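Participant: So here's model-v6.cif (mmCIF, C-alpha atoms).
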data_structure
loop_
_atom_site.label_atom_id
_atom_site.label_comp_id
_atom_site.auth_asym_id
_atom_site.auth_seq_id
_atom_site.Cartn_x
_atom_site.Cartn_y
_atom_site.Cartn_z
CA MET A 1 101.12 -49.54 53.84
CA ILE A 2 99.50 -46.66 51.98
CA LYS A 3 98.19 -49.11 49.39
CA VAL A 4 96.61 -51.27 52.10
CA ILE A 5 94.96 -48.23 53.69
CA ARG A 6 93.56 -47.18 50.33
CA GLN A 7 92.20 -50.67 49.70
CA TRP A 8 90.49 -50.82 53.09
CA THR A 9 89.14 -47.29 52.67
CA SER A 10 87.65 -48.12 49.28
CA LYS A 11 86.06 -51.25 50.72
CA VAL A 12 84.56 -49.37 53.66
CA ILE A 13 83.18 -46.71 51.31
CA LEU A 14 81.68 -49.38 49.04
CA ILE A 15 79.94 -51.11 51.95
CA ALA A 16 78.70 -47.76 53.24
CA LEU A 17 77.22 -46.97 49.82
CA MET A 18 75.46 -50.35 49.79
CA LEU A 19 74.06 -49.70 53.27
CA ILE A 20 72.71 -46.38 52.07
CA ALA A 21 71.34 -47.92 48.86
CA ILE A 22 69.37 -50.64 50.66
CA GLU A 23 67.59 -47.92 52.67
CA VAL A 24 66.41 -46.05 49.55
CA PRO A 25 63.63 -48.37 48.20
CA PRO A 26 61.47 -48.08 51.37
CA ILE A 27 61.27 -44.35 50.69
CA ALA A 28 59.19 -45.19 47.60
CA VAL A 29 56.87 -47.25 49.80
CA ASN A 30 56.43 -44.32 52.19
CA PHE A 31 55.46 -42.06 49.28
CA ALA A 32 53.03 -44.71 48.03
CA LEU A 33 51.41 -44.84 51.47
CA ARG A 34 50.60 -41.14 51.22
CA TYR A 35 48.35 -41.85 48.23
CA SER A 36 47.11 -45.27 49.35
CA LYS A 37 43.53 -44.02 49.78
CA THR A 38 43.39 -41.33 47.08
CA ASN A 39 45.30 -42.21 43.90
CA GLN A 40 45.97 -45.84 42.95
CA LEU A 41 47.91 -44.89 39.80
CA ILE A 42 50.50 -43.01 41.86
CA VAL A 43 50.66 -45.94 44.28
CA ASP A 44 51.31 -48.35 41.40
CA GLY A 45 54.03 -46.07 40.06
CA PHE A 46 55.87 -45.85 43.35
CA MET A 47 55.63 -49.59 43.93
CA ALA A 48 57.02 -50.24 40.43
CA LEU A 49 59.87 -47.89 41.33
CA PHE A 50 60.36 -49.80 44.56
CA ILE A 51 60.71 -53.12 42.74
CA GLY A 52 63.03 -51.57 40.15
CA LEU A 53 65.30 -50.18 42.87
CA MET A 54 65.41 -53.53 44.67
CA LEU A 55 66.32 -55.38 41.46
CA ALA A 56 69.05 -52.82 40.73
CA ILE A 57 70.50 -53.29 44.22
CA ILE A 58 70.44 -57.08 43.81
CA TRP A 59 72.25 -56.81 40.46
CA TRP A 60 74.89 -54.49 41.94
CA ALA A 61 75.36 -56.57 45.09
CA HIS A 62 75.63 -59.80 43.08
CA ARG A 63 78.32 -58.36 40.81
CA THR A 64 80.26 -57.09 43.83
CA TYR A 65 79.91 -60.46 45.54
CA GLU A 66 81.34 -62.21 42.49
CA ALA A 67 84.25 -59.78 42.35
CA TYR A 68 85.28 -60.45 45.98
CA ASN A 69 84.18 -64.09 46.35
CA GLN A 70 86.85 -66.09 48.20
CA LEU A 71 84.93 -69.37 48.36
CA GLY A 72 84.82 -70.31 44.69
CA GLN A 73 81.93 -72.16 43.11
CA PRO A 74 78.84 -72.83 45.27
CA ALA A 75 79.17 -76.11 47.13
CA GLY A 76 75.46 -76.93 47.00
CA ILE A 77 72.32 -76.48 49.03
CA LYS A 78 72.48 -78.15 52.45
CA VAL A 79 68.99 -78.79 53.82
CA GLY A 80 70.31 -79.79 57.24
CA TRP A 81 72.20 -76.52 57.58
CA ILE A 82 69.14 -74.56 56.47
CA ILE A 83 66.91 -76.22 59.05
CA GLY A 84 69.55 -76.02 61.78
CA GLY A 85 70.34 -72.41 61.00
CA TYR A 86 66.70 -71.40 61.11
CA LEU A 87 66.11 -73.22 64.41
CA ALA A 88 69.22 -71.54 65.86
CA ILE A 89 67.87 -68.13 64.82
CA ILE A 90 64.43 -68.82 66.30
CA LEU A 91 65.85 -70.08 69.59
CA GLY A 92 68.34 -67.26 70.02
CA MET A 93 65.93 -64.52 68.96
CA ASP A 94 63.22 -65.88 71.28
CA VAL A 95 65.63 -65.64 74.23
CA LEU A 96 66.74 -62.13 73.27
CA SER A 97 63.14 -61.02 72.62
CA TYR A 98 62.18 -62.26 76.09
CA LEU A 99 65.05 -60.23 77.58
CA ASN A 100 63.98 -57.22 75.51
CA GLN A 101 60.47 -57.48 76.94
CA LEU A 102 61.72 -58.14 80.47
CA ILE A 103 64.26 -55.31 80.60
CA TYR A 104 62.89 -52.71 78.17
CA HIS A 105 59.19 -53.73 78.13
CA GLN A 106 59.14 -53.97 74.33
CA THR A 107 56.93 -56.70 72.85
CA GLU A 108 58.41 -56.16 69.38
CA THR A 109 61.41 -54.44 67.86
CA ALA A 110 61.10 -50.99 66.32
CA ASN A 111 62.01 -52.55 62.97
CA ASN A 112 59.06 -54.96 63.09
CA ALA A 113 56.75 -52.17 64.22
CA ALA A 114 57.84 -50.07 61.23
CA LEU A 115 57.25 -53.00 58.87
CA GLY A 116 53.81 -53.60 60.32
CA SER A 117 52.87 -49.96 59.79
CA MET A 118 53.33 -50.41 56.03
CA LEU A 119 50.85 -53.29 55.78
CA GLY A 120 47.08 -53.33 55.45
CA HIS A 121 46.60 -49.82 54.04
CA ASN A 122 46.51 -50.75 50.35
CA GLU A 123 46.32 -54.15 48.63
CA VAL A 124 49.05 -53.42 46.06
CA ILE A 125 51.42 -52.03 48.68
CA THR A 126 50.83 -55.00 50.95
CA ILE A 127 51.35 -57.60 48.20
CA VAL A 128 54.47 -55.96 46.76
CA PHE A 129 55.99 -55.26 50.16
CA CYS A 130 55.40 -58.84 51.33
CA PHE A 131 56.95 -60.20 48.12
CA SER A 132 59.96 -57.98 48.62
CA ALA A 133 60.32 -58.93 52.29
CA VAL A 134 60.19 -62.65 51.53
CA VAL A 135 62.12 -62.75 48.24
CA LEU A 136 63.90 -59.57 47.17
CA SER A 137 65.19 -58.30 50.51
CA PRO A 138 66.73 -61.63 51.61
CA ILE A 139 68.57 -61.93 48.28
CA ALA A 140 69.82 -58.34 48.37
CA GLU A 141 70.81 -58.45 52.04
CA GLU A 142 72.59 -61.79 51.77
CA PHE A 143 74.65 -60.62 48.80
CA ILE A 144 75.57 -57.45 50.71
CA PHE A 145 76.02 -58.58 54.33
CA ARG A 146 77.20 -62.12 53.73
CA GLY A 147 78.40 -62.49 50.12
CA THR A 148 80.22 -59.16 49.84
CA LEU A 149 81.06 -58.17 53.40
CA THR A 150 82.45 -61.50 54.64
CA ASN A 151 84.57 -61.96 51.51
CA MET A 152 85.77 -58.37 51.44
CA PHE A 153 87.39 -58.34 54.88
CA PHE A 154 89.72 -60.86 56.55
CA LYS A 155 91.26 -63.94 54.98
CA ARG A 156 89.21 -66.99 54.05
CA GLY A 157 90.03 -69.05 57.14
CA ASN A 158 89.16 -66.29 59.64
CA ILE A 159 85.54 -67.33 60.04
CA TRP A 160 84.71 -65.74 63.41
CA PRO A 161 85.91 -62.19 62.61
CA LYS A 162 83.83 -62.41 59.42
CA VAL A 163 80.80 -63.71 61.33
CA ILE A 164 80.99 -60.99 64.00
CA LEU A 165 81.56 -58.20 61.47
CA SER A 166 78.63 -59.40 59.37
CA GLY A 167 76.32 -59.49 62.37
CA ILE A 168 77.25 -56.03 63.62
CA VAL A 169 76.96 -54.34 60.22
CA PHE A 170 73.73 -56.21 59.45
CA SER A 171 72.18 -54.96 62.69
CA THR A 172 73.08 -51.35 61.90
CA GLY A 173 70.71 -51.60 58.94
CA HIS A 174 67.77 -52.39 61.23
CA MET A 175 66.07 -50.03 63.64
CA SER A 176 67.30 -50.64 67.19
CA THR A 177 66.22 -48.69 70.24
CA ASN A 178 68.31 -50.49 72.85
CA PRO A 179 71.28 -52.91 73.12
CA ILE A 180 69.06 -56.01 73.26
CA SER A 181 67.17 -55.14 70.07
CA PHE A 182 70.54 -54.49 68.42
CA LEU A 183 71.73 -57.92 69.54
CA ILE A 184 68.61 -59.56 68.11
CA TYR A 185 69.54 -58.62 64.54
CA ALA A 186 73.28 -58.97 65.13
CA TYR A 187 72.69 -62.55 66.29
CA MET A 188 70.57 -63.30 63.24
CA GLY A 189 73.25 -61.86 60.96
CA MET A 190 75.96 -63.90 62.64
CA VAL A 191 74.03 -67.16 62.26
CA LEU A 192 73.43 -66.44 58.57
CA ALA A 193 77.10 -65.60 58.07
CA TYR A 194 78.21 -68.77 59.86
CA VAL A 195 75.94 -70.95 57.73
CA TYR A 196 77.16 -69.27 54.54
CA LEU A 197 80.85 -69.62 55.43
CA ARG A 198 80.53 -73.21 56.62
CA THR A 199 78.53 -74.41 53.61
CA ASP A 200 80.35 -72.34 50.95
CA ASP A 201 77.05 -71.55 49.29
CA ILE A 202 75.14 -68.31 49.77
CA ARG A 203 71.90 -69.98 48.69
CA ASN A 204 71.77 -71.64 52.10
CA SER A 205 71.79 -68.35 54.03
CA ILE A 206 69.35 -66.85 51.50
CA SER A 207 66.98 -69.78 52.10
CA ILE A 208 67.10 -69.32 55.88
CA HIS A 209 66.55 -65.58 55.51
CA MET A 210 63.54 -66.17 53.24
CA ILE A 211 61.97 -68.68 55.63
CA ASN A 212 62.49 -66.36 58.60
CA ASN A 213 61.00 -63.36 56.78
CA ALA A 214 58.07 -65.36 55.41
CA ILE A 215 57.01 -66.45 58.89
CA ALA A 216 57.60 -62.94 60.30
CA MET A 217 55.47 -61.36 57.56
CA TYR A 218 52.70 -63.89 58.16
CA VAL A 219 52.63 -62.96 61.84
CA LEU A 220 52.53 -59.24 60.98
CA LEU A 221 49.74 -59.76 58.45
CA VAL A 222 47.63 -61.63 60.97
CA GLN A 223 47.97 -58.65 63.31
CA VAL A 224 47.04 -55.91 60.83
CA ILE A 225 44.49 -57.56 58.53
#
Using the file provided, produce a representation of the structure as structure tokens.
Facilitator:
Amino acid sequence: MIKVIRQWTSKVILIALMLIAIEVPPIAVNFALRYSKTNQLIVDGFMALFIGLMLAIIWWAHRTYEAYNQLGQPAGIKVGWIIGGYLAIILGMDVLSYLNQLIYHQTETANNAALGSMLGHNEVITIVFCFSAVVLSPIAEEFIFRGTLTNMFFKRGNIWPKVILSGIVFSTGHMSTNPISFLIYAYMGMVLAYVYLRTDDIRNSISIHMINNAIAMYVLLVQVI
């Protein structure tokens, strides 16, 4: 019993450290924004640091994912699941976003508002941040919230506990100001987890995440540029 408690405690601590780590790179972006109009060299330095931190997190998360992987070798990319998963995310998030606007009078989540505030101030910051949002962040987050988290807790056949846990923890990493906005990201995380667990290949959930972020970033860019 003591051994089991220790194992669960170590897993919880590891996930907590990963949640903290994924919040560190944006700090470099915030520092870069302070010099966006005055010193391009400092901006470039902070954005290089940002990319370096993201790559380090991806490397760490990938190694942890491989250590806990219950599903074995990737089963292959499933285009149908990618399309279906993305459509499911869009439909569900549209419904929840409508409820968020209806009940809380919010036209966008606090997370999207924060992302939008980082765009349009400096060309380098905008390009690097968009690249990270579309490529680096989906890879890092899928290895953490799907690859590591869903394999770390519960047995292989317990899909729904894994899906729910992944969605809840994923949403805690995004800024939520009310229950509906929390559900928006929890729902997205659950769909991604379901696709990953049903297809046995994390590349499918990564692909959906990339598509979703690419379209979201395009919408934000249109608004700020």
Participant: With distances taken over all atoms listed in the file, which of A:Gln70, A:Asn151, A:Ser117, A:Thr172 is nearest to Ile20 of chain A?
Facilitator: A:Thr172
Participant: Taking into account all atoms listed in the file, which residue in the set A:Val79, A:Ala61, A:Met1, A:Met118 is nearest to Ile27 of chain A?
Facilitator: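 The answer is A:Met118, which sits nearest to Ile27 of chain A.
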Participant: Which residue is closest to Trp160 of chain A? Choose from A:Thr148, A:Met190, A:Tyr185, A:Phe131 and count all atoms listed in the file.
Facilitator: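 Nearest candidate to Trp160 of chain A out of A:Thr148, A:Met190, A:Tyr185, A:Phe131: A:Met190.
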Participant: Quick check, in Å to one decimal: how far apart do atom CA of Val163 of chain A and atom CA of Leu102 of chain A lie?
Facilitator: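 Distance between the two atoms: 27.6 Å.
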Participant: So, with all atoms listed in the file as the atoms that count, which of A:Asn100, A:Asn39, A:Thr109, A:Ser166 lies closest to Phe143 of chain A?
Facilitator: A:Ser166
Participant: Could you state the separation of atom CA of Ile211 of chain A and atom CA of Ile89 of chain A in Å, given to one decimal place?
Facilitator: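 Atom-to-atom, atom CA of Ile211 of chain A and atom CA of Ile89 of chain A are spaced 10.9 Å apart.
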Participant: Quick one: of A:Leu115, A:Met175, A:Gly52, A:Ile159, who's nearest to Val224 of chain A, counting all atoms listed in the file?
Facilitator: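 Checking each candidate against Val224 of chain A, we get A:Leu115 as the closest.
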Participant: Once the PyMOL selection byres ((chain A and resi 67) around 12) has been applied to the shown file, what residues remain in the selection, as a list of chain:residue names?
Facilitator: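 Output from the PyMOL selection byres ((chain A and resi 67) around 12), applied to this file: A:Trp60, A:Ala61, A:His62, A:Arg63, A:Thr64, A:Tyr65, A:Glu66, A:Tyr68, A:Asn69, A:Gln70, A:Leu71, A:Gly72, A:Phe143, A:Gly147, A:Thr148, A:Leu149, A:Asn151, A:Met152.
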Participant: Kindly indicate which residue among A:Leu165, A:Ala214, A:Met93, A:Ala75 lies nearest to Glu108 of chain A, using all atoms listed in the file for the distances.
Facilitator: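 Of A:Leu165, A:Ala214, A:Met93, A:Ala75, the one nearest Glu108 of chain A is A:Met93, counting all atoms listed in the file.
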Participant: Please write as a PDB file with C-alpha atoms, keeping the file's coordinate frame the full residue list that the PyMOL selection byres ((chain A and resi 186) around 12) yields on this file.
Facilitator:
ATOM      1  CA  ILE A  89      67.870 -68.130  64.820  1.00  0.00           C
ATOM      2  CA  GLY A  92      68.340 -67.260  70.020  1.00  0.00           C
ATOM      3  CA  MET A  93      65.930 -64.520  68.960  1.00  0.00           C
ATOM      4  CA  LEU A  96      66.740 -62.130  73.270  1.00  0.00           C
ATOM      5  CA  PHE A 145      76.020 -58.580  54.330  1.00  0.00           C
ATOM      6  CA  VAL A 163      80.800 -63.710  61.330  1.00  0.00           C
ATOM      7  CA  ILE A 164      80.990 -60.990  64.000  1.00  0.00           C
ATOM      8  CA  LEU A 165      81.560 -58.200  61.470  1.00  0.00           C
ATOM      9  CA  SER A 166      78.630 -59.400  59.370  1.00  0.00           C
ATOM     10  CA  GLY A 167      76.320 -59.490  62.370  1.00  0.00           C
ATOM     11  CA  ILE A 168      77.250 -56.030  63.620  1.00  0.00           C
ATOM     12  CA  VAL A 169      76.960 -54.340  60.220  1.00  0.00           C
ATOM     13  CA  PHE A 170      73.730 -56.210  59.450  1.00  0.00           C
ATOM     14  CA  SER A 171      72.180 -54.960  62.690  1.00  0.00           C
ATOM     15  CA  THR A 172      73.080 -51.350  61.900  1.00  0.00           C
ATOM     16  CA  GLY A 173      70.710 -51.600  58.940  1.00  0.00           C
ATOM     17  CA  HIS A 174      67.770 -52.390  61.230  1.00  0.00           C
ATOM     18  CA  MET A 175      66.070 -50.030  63.640  1.00  0.00           C
ATOM     19  CA  SER A 176      67.300 -50.640  67.190  1.00  0.00           C
ATOM     20  CA  PRO A 179      71.280 -52.910  73.120  1.00  0.00           C
ATOM     21  CA  ILE A 180      69.060 -56.010  73.260  1.00  0.00           C
ATOM     22  CA  SER A 181      67.170 -55.140  70.070  1.00  0.00           C
ATOM     23  CA  PHE A 182      70.540 -54.490  68.420  1.00  0.00           C
ATOM     24  CA  LEU A 183      71.730 -57.920  69.540  1.00  0.00           C
ATOM     25  CA  ILE A 184      68.610 -59.560  68.110  1.00  0.00           C
ATOM     26  CA  TYR A 185      69.540 -58.620  64.540  1.00  0.00           C
ATOM     27  CA  TYR A 187      72.690 -62.550  66.290  1.00  0.00           C
ATOM     28  CA  MET A 188      70.570 -63.300  63.240  1.00  0.00           C
ATOM     29  CA  GLY A 189      73.250 -61.860  60.960  1.00  0.00           C
ATOM     30  CA  MET A 190      75.960 -63.900  62.640  1.00  0.00           C
ATOM     31  CA  VAL A 191      74.030 -67.160  62.260  1.00  0.00           C
ATOM     32  CA  LEU A 192      73.430 -66.440  58.570  1.00  0.00           C
ATOM     33  CA  ALA A 193      77.100 -65.600  58.070  1.00  0.00           C
TER      34      ALA A 193
END
Participant: Name every residue that the PyMOL selection byres ((chain A and resi 202) around 9) selects in this structure, writing the answer as a ChimeraX atom specification with chains first and numbers rising.
Facilitator: /A:74,77,142-143,146-147,193,195-197,199-201,203-207
Participant: Mind giving me the straight-line distance from atom CA of Val135 of chain A to atom CA of Val12 of chain A in Å, one decimal?
Facilitator: 26.7 Å
Participant: Would you kindly identify which residues have an atom no farther than 12 Å from (58.5, -58.6, 47.8), using all atoms listed in the file and the file's own coordinates, and write them out as number ranges by chain?
Facilitator: A: 25-26, 29, 47-48, 50-55, 124-140, 210, 213-214, 217
Participant: Report as lines of an AutoDock Vina configuration file the centre and the edge lengths, in Å to one decimal, of the axis-aligned box holding every listed atom of segment 16-27 of chain A, padded by 6 Å on each side.
Facilitator:
center_x = 70.0
center_y = -47.5
center_z = 50.7
size_x = 29.4
size_y = 18.3
size_z = 17.1
